[in-house]
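Undergrad: Before we start, here is the structure in question, set down as structure tokens.
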Amino acid sequence: MAQQIADLAPEGEFSELARPKSFWYKAFQQIIRNNRAILGFSVLLVLVLAAVFADQITPYDPYKVNYSNYKQPPSAEHFIGTDELGRDSFSRLIYGARISLMVGIVVSSISVTIGVALGAIAGYFGGIADMIIMRIVDLMQAFPFLVLAIALVAVFGPSLRNMMLALIVVYWIWFARVVRGMVLTLRETEFIVGAKAAGASDIGIIFRHILPNVFPVVVVQGSFSVAEAILIAAALSYLGLGAQPPTAEWGSMLSNAKELMRILPVMSIAPGVAIMVTVLAINFIGDALRDALDPTLRQ
Amino acid sequence: MIPLVFGVTTVTFALIHLIPGDPVELMMSNTRQMTQEEINRIRDKLGLNDPLPVQYVRYVTNLLKGDMGISIRSRSPVRYEIEQRMPDTIILTLSSISLVLVFALPLGIVSALKRGTWIDTASMTFALLGVSIPQFWFGIMLMLIFGLHLDWLPTVGQGKTPIEFARSLVLPSVALSLSLMGLVTRMERSSILEVLGLDYVRTAHAKGLGARQVNYRHALPNAMIPVLTVISAQFASLLGGSVVIEKVFGWPGIGRLAVDAIFARDYLVVTNTVLVFAVMVVLVNLATDILYSYIDPRIRFQ
């Protein structure tokens with residue numbers, strides 16, 4: 001339809017300047033003018049590069065045990081010292097970026113996919129599908145998020161993979177709720193009713209008309225959820241329910257460091273700073289995306 | 001309310017049955033090896049061979065009677081274990097909420113009224129840090145600074161005398177309140193800014209009231225409702241956070257009980273703690289709904 005109308009417009013009528021800028025183009029323009037977003041993207045880029053090239057840039061093997069050189073204070077050879085097994089803390093810190101970023105991205109992207117799919121089905125079709133999905137959502141919301149994740153890890157058994165699984169099980173709910181709410185209002189709008197009247201199929205309407213309208217909000221919420229997943233995964237690993245030793249992970253490094261707090265406080269400080277910097281960078285990006293994509297949420 | 005409690009018990013019941021391994025073997029794992037026949041006899045006695053719906057009904061009736069089963073770790077009733085530690089979790093949570101009310105509210109109000117000044121910038125930075133710093137790490141930093149370095153406050157455990165108790169409560173409550181502080185500061189600021197733009201506030205200015213009168217008598221009460229919403233909506237995550245904070249500070253609440261129980265494979269303690277947490281959340285949400293109608297009479301008439 002839209003294509004046909006565009007074809008009717010005489011060629012050259014809209015000059016390059018006069019053509020209205022697309023939504024995404026304007027959003028992009030706004031984001032690159034946001035200093036905090038640029039800072040966030042730069043920091044995140046550094047972290048991603050560090051995670052990807054950890055093998056090349058770390059000065060030492062993060063798993064190499066060296067009893068003759070344990071519990072060393074920070075020095076020129078070991079920037080933030082060595083741990084109780086003589087492993088280089090700085091190398092472990094860099095490898096930790098791998099796990100945290102991986103958990104954050106995998107958990108949120110899978111939960112976003114599940115949440116958006118189920119939210120769209122519930123909102124668009126209503127009826128029994130809606131009832132079942134929303135009952136599950138209501139039910140799981142009665143539990144504190146972290147407590148339910150902990151209980152699921154207890155059932156599955158503590159490991160990095162099971163923790164991610166548990167987080168996904170409790171995480172999709174948030175997106176399902178948001179998307180369902182939006183789809184409920186979208187469903188009644190004239191352009192959807194029009195598309196239906198024109199004979200478009202339900203699947204076609206969902207993919208062509210509903211999801212593109214939901215997308216900006218999902219991108220914004222998704223970026224915040226990466227940050228939150230990183231925080232929660234670190235907390236669970238700290239409790240011993242996530243990444244298991246000897247994996248170099250920020251949360252479990254912090255729990256290791258507890259014994260050495262008096263003599264090596266730097267081991268308790270560095271991994272937390274790493275988590276904070278990562279989460280701040282992602283939150284800066286999330287704020288910028290929200291301002292650019294979802295003006296109704298702007299504070 | 002009732003369907004929710006029904007649903008919540010269904011989830012915990014499902015959790016119990018999803019746990020891998022035979023409950024009888026788990027329970028008896030410390031004693032001698034048993035024959036299959038003996039295991040079957042115990043299963044019969046405990047009703048584990050009954051159909052699931054029958055087991056579910058028995059599970060709920062037992063819960064209603066206050067019977068949560070026996071902890072395999074301590075051999076004492078789970079209900080007793082939870083009752084013993086429940087007050088500590090409630091005290092920790094309440095003291096965090098009070099900290100939020102005492103510090104975050106004024107901060108939000110000031111930054112809204114002094115919008116654009118350094119106070120506003122500082123408190124918004126604080127709010128952003130509040131949601132970006134890992135809570136448990138903040139707790140560790142507090143320990144490091146105020147416990148080990150300055151030696152002002154105890155870092156681990158719970159004091160026995162009232163004064164020692166209060167001193168040991170300080171660091172865990174501050175750590176637990178961190179993210180809620182950030183959220184409430186931000187929320188209070190934006191809701192005051194919103195209310196200040198409304199017609200009735202302009203009317204109040206127009207009829208000659210002073211700025212103080214308008215801000216505190218007219219604007220503030222209406223800006224409180226969203227804050228109540230945030231605190232009640234975040235109550236669940238506060239409880240979740242208390243699990244980690246209790247573990248960091250060795251605070252003997254039900255969160256630490258649950259985590260320790262996971263590693264001891266003491267599953268009845270785990271599932272019942274989860275149930276207690278959920279019931280607390282449901283009750284707090286109910287209480288907030290009732291509170292709303294007192295604060296805002298419009299809600300009563302809807």
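Labels used: A, B, ... for chains in the order of the structure tokens, numbers from 1 for residues in each chain, and numbers from 1 for ligands as shown.
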Excluding segment 89-102 of chain B and residues on its chain fewer than 2 positions from it, collect all residues at most 10 Å away from it, counting only C-alpha atoms, and give them as a ChimeraX atom specification.

TA: /B:85-87,104-107,169-170,172-185,227,231,235,238-239,241-243,245-246,251-256,280

Undergrad: Could you write out the selected residues, including N, CA and C atoms, as a CSV table (one decimal), in the first residue's frame?

TA:
```
chain,number,residue,atom,x,y,z
B,85,ARG,N,14.2,-16.7,62.6
B,85,ARG,CA,15.0,-15.8,61.9
B,85,ARG,C,14.2,-14.7,61.2
B,86,MET,N,12.9,-14.9,61.1
B,86,MET,CA,12.0,-13.9,60.4
B,86,MET,C,12.2,-12.5,61.0
B,87,PRO,N,12.2,-12.3,62.3
B,87,PRO,CA,12.2,-10.9,62.8
B,87,PRO,C,13.5,-10.2,62.3
B,104,ALA,N,16.4,9.8,51.2
B,104,ALA,CA,16.1,9.9,49.7
B,104,ALA,C,15.0,10.9,49.5
B,105,LEU,N,14.0,10.9,50.4
B,105,LEU,CA,12.9,11.8,50.1
B,105,LEU,C,13.3,13.3,50.1
B,106,PRO,N,14.0,13.7,51.2
B,106,PRO,CA,14.5,15.1,51.2
B,106,PRO,C,15.4,15.4,50.0
B,107,LEU,N,16.2,14.5,49.7
B,107,LEU,CA,17.1,14.7,48.5
B,107,LEU,C,16.3,14.9,47.2
B,169,LEU,N,23.4,-3.2,62.9
B,169,LEU,CA,22.4,-3.1,61.9
B,169,LEU,C,22.7,-2.0,60.9
B,170,VAL,N,23.6,-1.1,61.3
B,170,VAL,CA,23.8,0.1,60.4
B,170,VAL,C,24.3,-0.3,59.1
B,172,PRO,N,24.6,-3.2,57.2
B,172,PRO,CA,23.7,-3.9,56.3
B,172,PRO,C,22.5,-3.1,55.8
B,173,SER,N,21.9,-2.2,56.7
B,173,SER,CA,20.7,-1.5,56.2
B,173,SER,C,21.1,-0.4,55.2
B,174,VAL,N,22.3,0.2,55.4
B,174,VAL,CA,22.7,1.2,54.4
B,174,VAL,C,23.0,0.5,53.1
B,175,ALA,N,23.7,-0.6,53.1
B,175,ALA,CA,23.9,-1.4,51.9
B,175,ALA,C,22.7,-1.8,51.2
B,176,LEU,N,21.7,-2.3,52.0
B,176,LEU,CA,20.5,-2.8,51.4
B,176,LEU,C,19.6,-1.6,50.8
B,177,SER,N,19.7,-0.4,51.4
B,177,SER,CA,18.9,0.7,50.9
B,177,SER,C,19.4,1.3,49.7
B,178,LEU,N,20.6,1.0,49.3
B,178,LEU,CA,21.3,1.7,48.2
B,178,LEU,C,20.4,1.9,46.9
B,179,SER,N,19.9,0.8,46.3
B,179,SER,CA,19.3,1.0,45.0
B,179,SER,C,17.9,1.6,45.2
B,180,LEU,N,17.2,1.3,46.3
B,180,LEU,CA,15.9,2.0,46.5
B,180,LEU,C,16.1,3.5,46.8
B,181,MET,N,17.2,3.9,47.4
B,181,MET,CA,17.5,5.3,47.6
B,181,MET,C,17.6,6.0,46.2
B,182,GLY,N,18.3,5.4,45.3
B,182,GLY,CA,18.5,5.9,44.0
B,182,GLY,C,17.1,6.1,43.3
B,183,LEU,N,16.3,5.0,43.3
B,183,LEU,CA,15.0,5.0,42.7
B,183,LEU,C,14.1,6.1,43.3
B,184,VAL,N,14.1,6.1,44.6
B,184,VAL,CA,13.1,7.0,45.3
B,184,VAL,C,13.5,8.5,45.0
B,185,THR,N,14.8,8.8,45.1
B,185,THR,CA,15.3,10.1,44.8
B,185,THR,C,14.8,10.6,43.5
B,227,VAL,N,5.8,7.9,45.1
B,227,VAL,CA,6.9,7.3,45.9
B,227,VAL,C,6.4,6.1,46.7
B,231,ILE,N,8.0,2.3,46.4
B,231,ILE,CA,8.5,1.6,47.6
B,231,ILE,C,7.8,0.2,47.6
B,235,PHE,N,9.5,-3.5,47.0
B,235,PHE,CA,9.6,-4.2,48.3
B,235,PHE,C,10.1,-5.6,48.0
B,238,LEU,N,13.7,-5.5,47.4
B,238,LEU,CA,14.4,-5.3,48.7
B,238,LEU,C,14.6,-6.6,49.4
B,239,LEU,N,13.5,-7.4,49.4
B,239,LEU,CA,13.6,-8.7,50.1
B,239,LEU,C,14.7,-9.6,49.3
B,241,GLY,N,17.2,-8.5,47.7
B,241,GLY,CA,18.5,-7.9,48.0
B,241,GLY,C,19.0,-8.3,49.4
B,242,SER,N,18.0,-8.5,50.3
B,242,SER,CA,18.3,-8.8,51.7
B,242,SER,C,19.0,-10.2,51.8
B,243,VAL,N,18.6,-11.1,50.8
B,243,VAL,CA,19.2,-12.4,50.8
B,243,VAL,C,20.8,-12.3,50.7
B,245,ILE,N,22.6,-9.4,51.0
B,245,ILE,CA,23.2,-8.6,52.1
B,245,ILE,C,23.3,-9.4,53.4
B,246,GLU,N,22.3,-10.2,53.7
B,246,GLU,CA,22.4,-11.0,54.9
B,246,GLU,C,23.6,-11.9,54.8
B,251,TRP,N,24.3,-11.7,58.6
B,251,TRP,CA,23.1,-11.3,59.4
B,251,TRP,C,22.1,-12.5,59.4
B,252,PRO,N,21.7,-12.9,60.6
B,252,PRO,CA,21.0,-14.2,60.6
B,252,PRO,C,19.5,-14.2,60.2
B,253,GLY,N,19.2,-13.6,59.1
B,253,GLY,CA,17.8,-13.6,58.6
B,253,GLY,C,17.4,-14.8,57.8
B,254,ILE,N,16.2,-14.8,57.2
B,254,ILE,CA,15.8,-16.0,56.5
B,254,ILE,C,16.4,-16.1,55.1
B,255,GLY,N,16.9,-15.0,54.6
B,255,GLY,CA,17.6,-15.0,53.3
B,255,GLY,C,18.9,-15.9,53.4
B,256,ARG,N,19.7,-15.6,54.5
B,256,ARG,CA,20.9,-16.4,54.7
B,256,ARG,C,20.5,-17.8,55.0
B,280,MET,N,5.0,-12.5,52.0
B,280,MET,CA,5.3,-11.2,52.5
B,280,MET,C,5.0,-10.1,51.4
```

Undergrad: Compute the chain A side of the contact with chain B at 7 Å, counting only C-alpha atoms, and hand it back as a ChimeraX atom specification.

TA: /A:139,142-147,151,154-155,231,235,272,276,279-280,299

Undergrad: Would you give me, as a PyMOL selection string, the residues in segment 20-49 of chain A that DSSP reads as helix (DSSP H, G or I)?

TA: chain A and resi 23-32+35-49

Undergrad: Would you export the selected residues with N, CA and C atoms as a tab-separated table (two decimals), in the first residue's frame, please?

TA:
```
chain	number	residue	atom	x	y	z
A	23	PHE	N	12.58	8.04	11.55
A	23	PHE	CA	12.61	7.96	13.01
A	23	PHE	C	13.97	7.51	13.51
A	24	TRP	N	14.53	6.47	12.87
A	24	TRP	CA	15.80	5.92	13.34
A	24	TRP	C	16.94	6.87	13.06
A	25	TYR	N	16.84	7.59	11.92
A	25	TYR	CA	17.90	8.53	11.59
A	25	TYR	C	17.94	9.64	12.64
A	26	LYS	N	16.77	10.16	12.99
A	26	LYS	CA	16.71	11.22	14.00
A	26	LYS	C	17.23	10.72	15.34
A	27	ALA	N	16.84	9.50	15.68
A	27	ALA	CA	17.29	8.93	16.95
A	27	ALA	C	18.81	8.81	16.96
A	28	PHE	N	19.36	8.36	15.83
A	28	PHE	CA	20.81	8.20	15.74
A	28	PHE	C	21.51	9.55	15.92
A	29	GLN	N	20.96	10.57	15.22
A	29	GLN	CA	21.51	11.92	15.35
A	29	GLN	C	21.53	12.37	16.80
A	30	GLN	N	20.42	12.09	17.50
A	30	GLN	CA	20.32	12.54	18.88
A	30	GLN	C	21.30	11.81	19.78
A	31	ILE	N	21.49	10.51	19.52
A	31	ILE	CA	22.38	9.73	20.38
A	31	ILE	C	23.83	10.17	20.20
A	32	ILE	N	24.26	10.43	18.95
A	32	ILE	CA	25.67	10.78	18.79
A	32	ILE	C	25.95	12.19	19.29
A	35	ASN	N	26.72	13.31	25.05
A	35	ASN	CA	28.08	13.03	25.54
A	35	ASN	C	28.14	11.77	26.38
A	36	ARG	N	27.15	11.61	27.24
A	36	ARG	CA	27.19	10.45	28.13
A	36	ARG	C	27.04	9.16	27.33
A	37	ALA	N	26.24	9.21	26.27
A	37	ALA	CA	26.08	8.02	25.43
A	37	ALA	C	27.39	7.68	24.76
A	38	ILE	N	28.11	8.70	24.27
A	38	ILE	CA	29.40	8.46	23.61
A	38	ILE	C	30.37	7.84	24.60
A	39	LEU	N	30.37	8.40	25.83
A	39	LEU	CA	31.23	7.84	26.87
A	39	LEU	C	30.86	6.38	27.13
A	40	GLY	N	29.55	6.14	27.26
A	40	GLY	CA	29.08	4.77	27.50
A	40	GLY	C	29.50	3.82	26.39
A	41	PHE	N	29.29	4.25	25.14
A	41	PHE	CA	29.66	3.39	24.01
A	41	PHE	C	31.17	3.13	23.99
A	42	SER	N	31.97	4.18	24.27
A	42	SER	CA	33.42	3.99	24.23
A	42	SER	C	33.87	2.99	25.29
A	43	VAL	N	33.35	3.18	26.52
A	43	VAL	CA	33.75	2.27	27.60
A	43	VAL	C	33.32	0.85	27.26
A	44	LEU	N	32.10	0.71	26.76
A	44	LEU	CA	31.61	-0.62	26.42
A	44	LEU	C	32.45	-1.26	25.33
A	45	LEU	N	32.86	-0.42	24.36
A	45	LEU	CA	33.69	-0.94	23.27
A	45	LEU	C	35.01	-1.48	23.82
A	46	VAL	N	35.62	-0.70	24.73
A	46	VAL	CA	36.88	-1.14	25.34
A	46	VAL	C	36.66	-2.48	26.06
A	47	LEU	N	35.55	-2.56	26.81
A	47	LEU	CA	35.27	-3.79	27.56
A	47	LEU	C	35.06	-4.98	26.63
A	48	VAL	N	34.32	-4.74	25.54
A	48	VAL	CA	34.07	-5.83	24.59
A	48	VAL	C	35.37	-6.28	23.96
A	49	LEU	N	36.22	-5.30	23.56
A	49	LEU	CA	37.51	-5.66	22.97
A	49	LEU	C	38.35	-6.43	23.98
```

Undergrad: If we count only C-alpha atoms and set the cut-off at 10 Å, which residues sit around Leu101 of chain A, ignoring sequence neighbours fewer than 2 positions away in its own chain? Please answer as an NGL selection string.

TA: :A and (44 or 47-48 or 51 or 96-99 or 103-107 or 226-227 or 229-230 or 275 or 278-279)

Undergrad: Please produce an output containing C-alpha atoms for each residue in the selection, written as a short mmCIF file (atom, residue, chain, number, x, y, z; two decimals), in the first residue's frame.

TA:
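Saved result, out_23.cif, follows:
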```
data_model
loop_
_atom_site.label_atom_id
_atom_site.label_comp_id
_atom_site.auth_asym_id
_atom_site.auth_seq_id
_atom_site.Cartn_x
_atom_site.Cartn_y
_atom_site.Cartn_z
CA LEU A 44 31.61 -0.62 26.42
CA LEU A 47 35.27 -3.79 27.56
CA VAL A 48 34.07 -5.83 24.59
CA ALA A 51 36.74 -9.60 26.55
CA GLY A 96 35.83 -11.68 34.05
CA ALA A 97 34.57 -9.20 31.47
CA ARG A 98 33.90 -12.17 29.17
CA ILE A 99 31.55 -13.88 31.59
CA VAL A 103 25.67 -13.39 30.74
CA GLY A 104 24.17 -9.94 30.36
CA ILE A 105 23.74 -10.18 26.60
CA VAL A 106 22.61 -13.82 26.41
CA VAL A 107 20.15 -13.57 29.30
CA VAL A 226 21.53 -6.12 30.24
CA ALA A 227 22.85 -3.92 33.03
CA ALA A 229 21.32 -9.00 34.51
CA ILE A 230 25.03 -8.29 34.98
CA ILE A 275 31.07 -4.26 37.52
CA THR A 278 30.29 -1.84 32.97
CA VAL A 279 26.81 -1.25 34.39
#
```

Undergrad: Write out as a list in words each polymer residue whose atoms come within 9 Å of Val217 of chain A, counting only C-alpha atoms; drop sequence neighbours fewer than 3 positions from it.

TA: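 My list of contacting residues is Val178, Val179, Asn213, Val214, Val220, Gln221, Gly222, Arg290, Leu293 and Asp294 of chain A.
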
Undergrad: Restrict the selected residues to C-alpha atoms and save them as an mmCIF file, in the first residue's frame.

TA:
```cif
data_model
loop_
_atom_site.group_PDB
_atom_site.id
_atom_site.type_symbol
_atom_site.label_atom_id
_atom_site.label_comp_id
_atom_site.auth_asym_id
_atom_site.auth_seq_id
_atom_site.Cartn_x
_atom_site.Cartn_y
_atom_site.Cartn_z
ATOM 1 C CA VAL A 178 5.387 -4.350 28.797
ATOM 2 C CA VAL A 179 4.765 -5.696 25.292
ATOM 3 C CA ASN A 213 5.960 -0.154 16.914
ATOM 4 C CA VAL A 214 6.940 -2.114 19.997
ATOM 5 C CA VAL A 220 15.344 0.703 25.604
ATOM 6 C CA GLN A 221 14.152 -1.768 28.217
ATOM 7 C CA GLY A 222 16.436 -4.435 26.795
ATOM 8 C CA ARG A 290 15.315 6.170 26.016
ATOM 9 C CA LEU A 293 13.502 6.435 21.056
ATOM 10 C CA ASP A 294 10.860 6.724 23.708
#
```

Undergrad: When you look at Gly251 of chain A with a cut-off of 6 Å (counting only C-alpha atoms), what residues show up, excluding the ones that are within fewer than 5 positions of it in the same chain? I need them as a PDB file with N, CA and C atoms, in the first residue's frame.

TA:
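Below you can see around-v8.pdb, which holds the result:
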```
ATOM      1  N   ALA A 234      26.276 -11.216  39.000  1.00  0.00           N
ATOM      2  CA  ALA A 234      27.437 -11.064  39.881  1.00  0.00           C
ATOM      3  C   ALA A 234      27.047 -11.410  41.312  1.00  0.00           C
ATOM      4  N   SER A 237      26.719 -15.163  41.614  1.00  0.00           N
ATOM      5  CA  SER A 237      28.030 -15.808  41.624  1.00  0.00           C
ATOM      6  C   SER A 237      28.744 -15.561  42.941  1.00  0.00           C
ATOM      7  N   TYR A 238      28.519 -14.364  43.512  1.00  0.00           N
ATOM      8  CA  TYR A 238      29.103 -14.069  44.823  1.00  0.00           C
ATOM      9  C   TYR A 238      28.593 -15.069  45.859  1.00  0.00           C
TER      10      TYR A 238
END
```

Undergrad: Find the residues near Ala243 of chain A: any atom within 7 Å, counting only C-alpha atoms, skip ones fewer than 5 places away on the same chain, and give them as a PyMOL selection string.

TA: chain A and resi 159-160+237+249+252

Undergrad: Using the selection just defined, write its residues with C-alpha atoms as a PDB file, in the first residue's frame.

TA:
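Wrote it out as again.pdb, contents follow:
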```pdb
ATOM      1  CA  SER A 159      26.447 -23.569  37.801  1.00  0.00           C
ATOM      2  CA  LEU A 160      26.937 -20.722  35.360  1.00  0.00           C
ATOM      3  CA  SER A 237      28.030 -15.808  41.624  1.00  0.00           C
ATOM      4  CA  GLU A 249      34.232 -14.055  37.243  1.00  0.00           C
ATOM      5  CA  SER A 252      33.088 -15.007  42.593  1.00  0.00           C
TER       6      SER A 252
END
```

Undergrad: As an exercise, work out the distance from atom CA of Ile173 of chain A to atom CA of Gly115 of chain A in Å and give it to one decimal place.

TA: 6.1 Å

Undergrad: Using Å and a single decimal, report how far atom CA of Leu118 of chain A sits from atom CA of Gly194 of chain A.

TA: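 Going from atom CA of Gly194 of chain A over to atom CA of Leu118 of chain A covers 23.9 Å.
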
Undergrad: Can you tell me which residues surround Val65 of chain A at a distance of at most 6 Å, considering only C-alpha atoms, apart from same-chain residues fewer than 3 positions away, and format the answer as number ranges by chain?

TA: A: 85-87

Undergrad: Print the selection's residues with C-alpha atoms to a file, as a short mmCIF file (atom, residue, chain, number, x, y, z; two decimals), in the first residue's frame.

TA:
```
data_model
loop_
_atom_site.label_atom_id
_atom_site.label_comp_id
_atom_site.auth_asym_id
_atom_site.auth_seq_id
_atom_site.Cartn_x
_atom_site.Cartn_y
_atom_site.Cartn_z
CA LEU A 85 46.69 -19.21 44.76
CA GLY A 86 49.18 -16.84 43.16
CA ARG A 87 47.01 -16.16 40.11
#
```
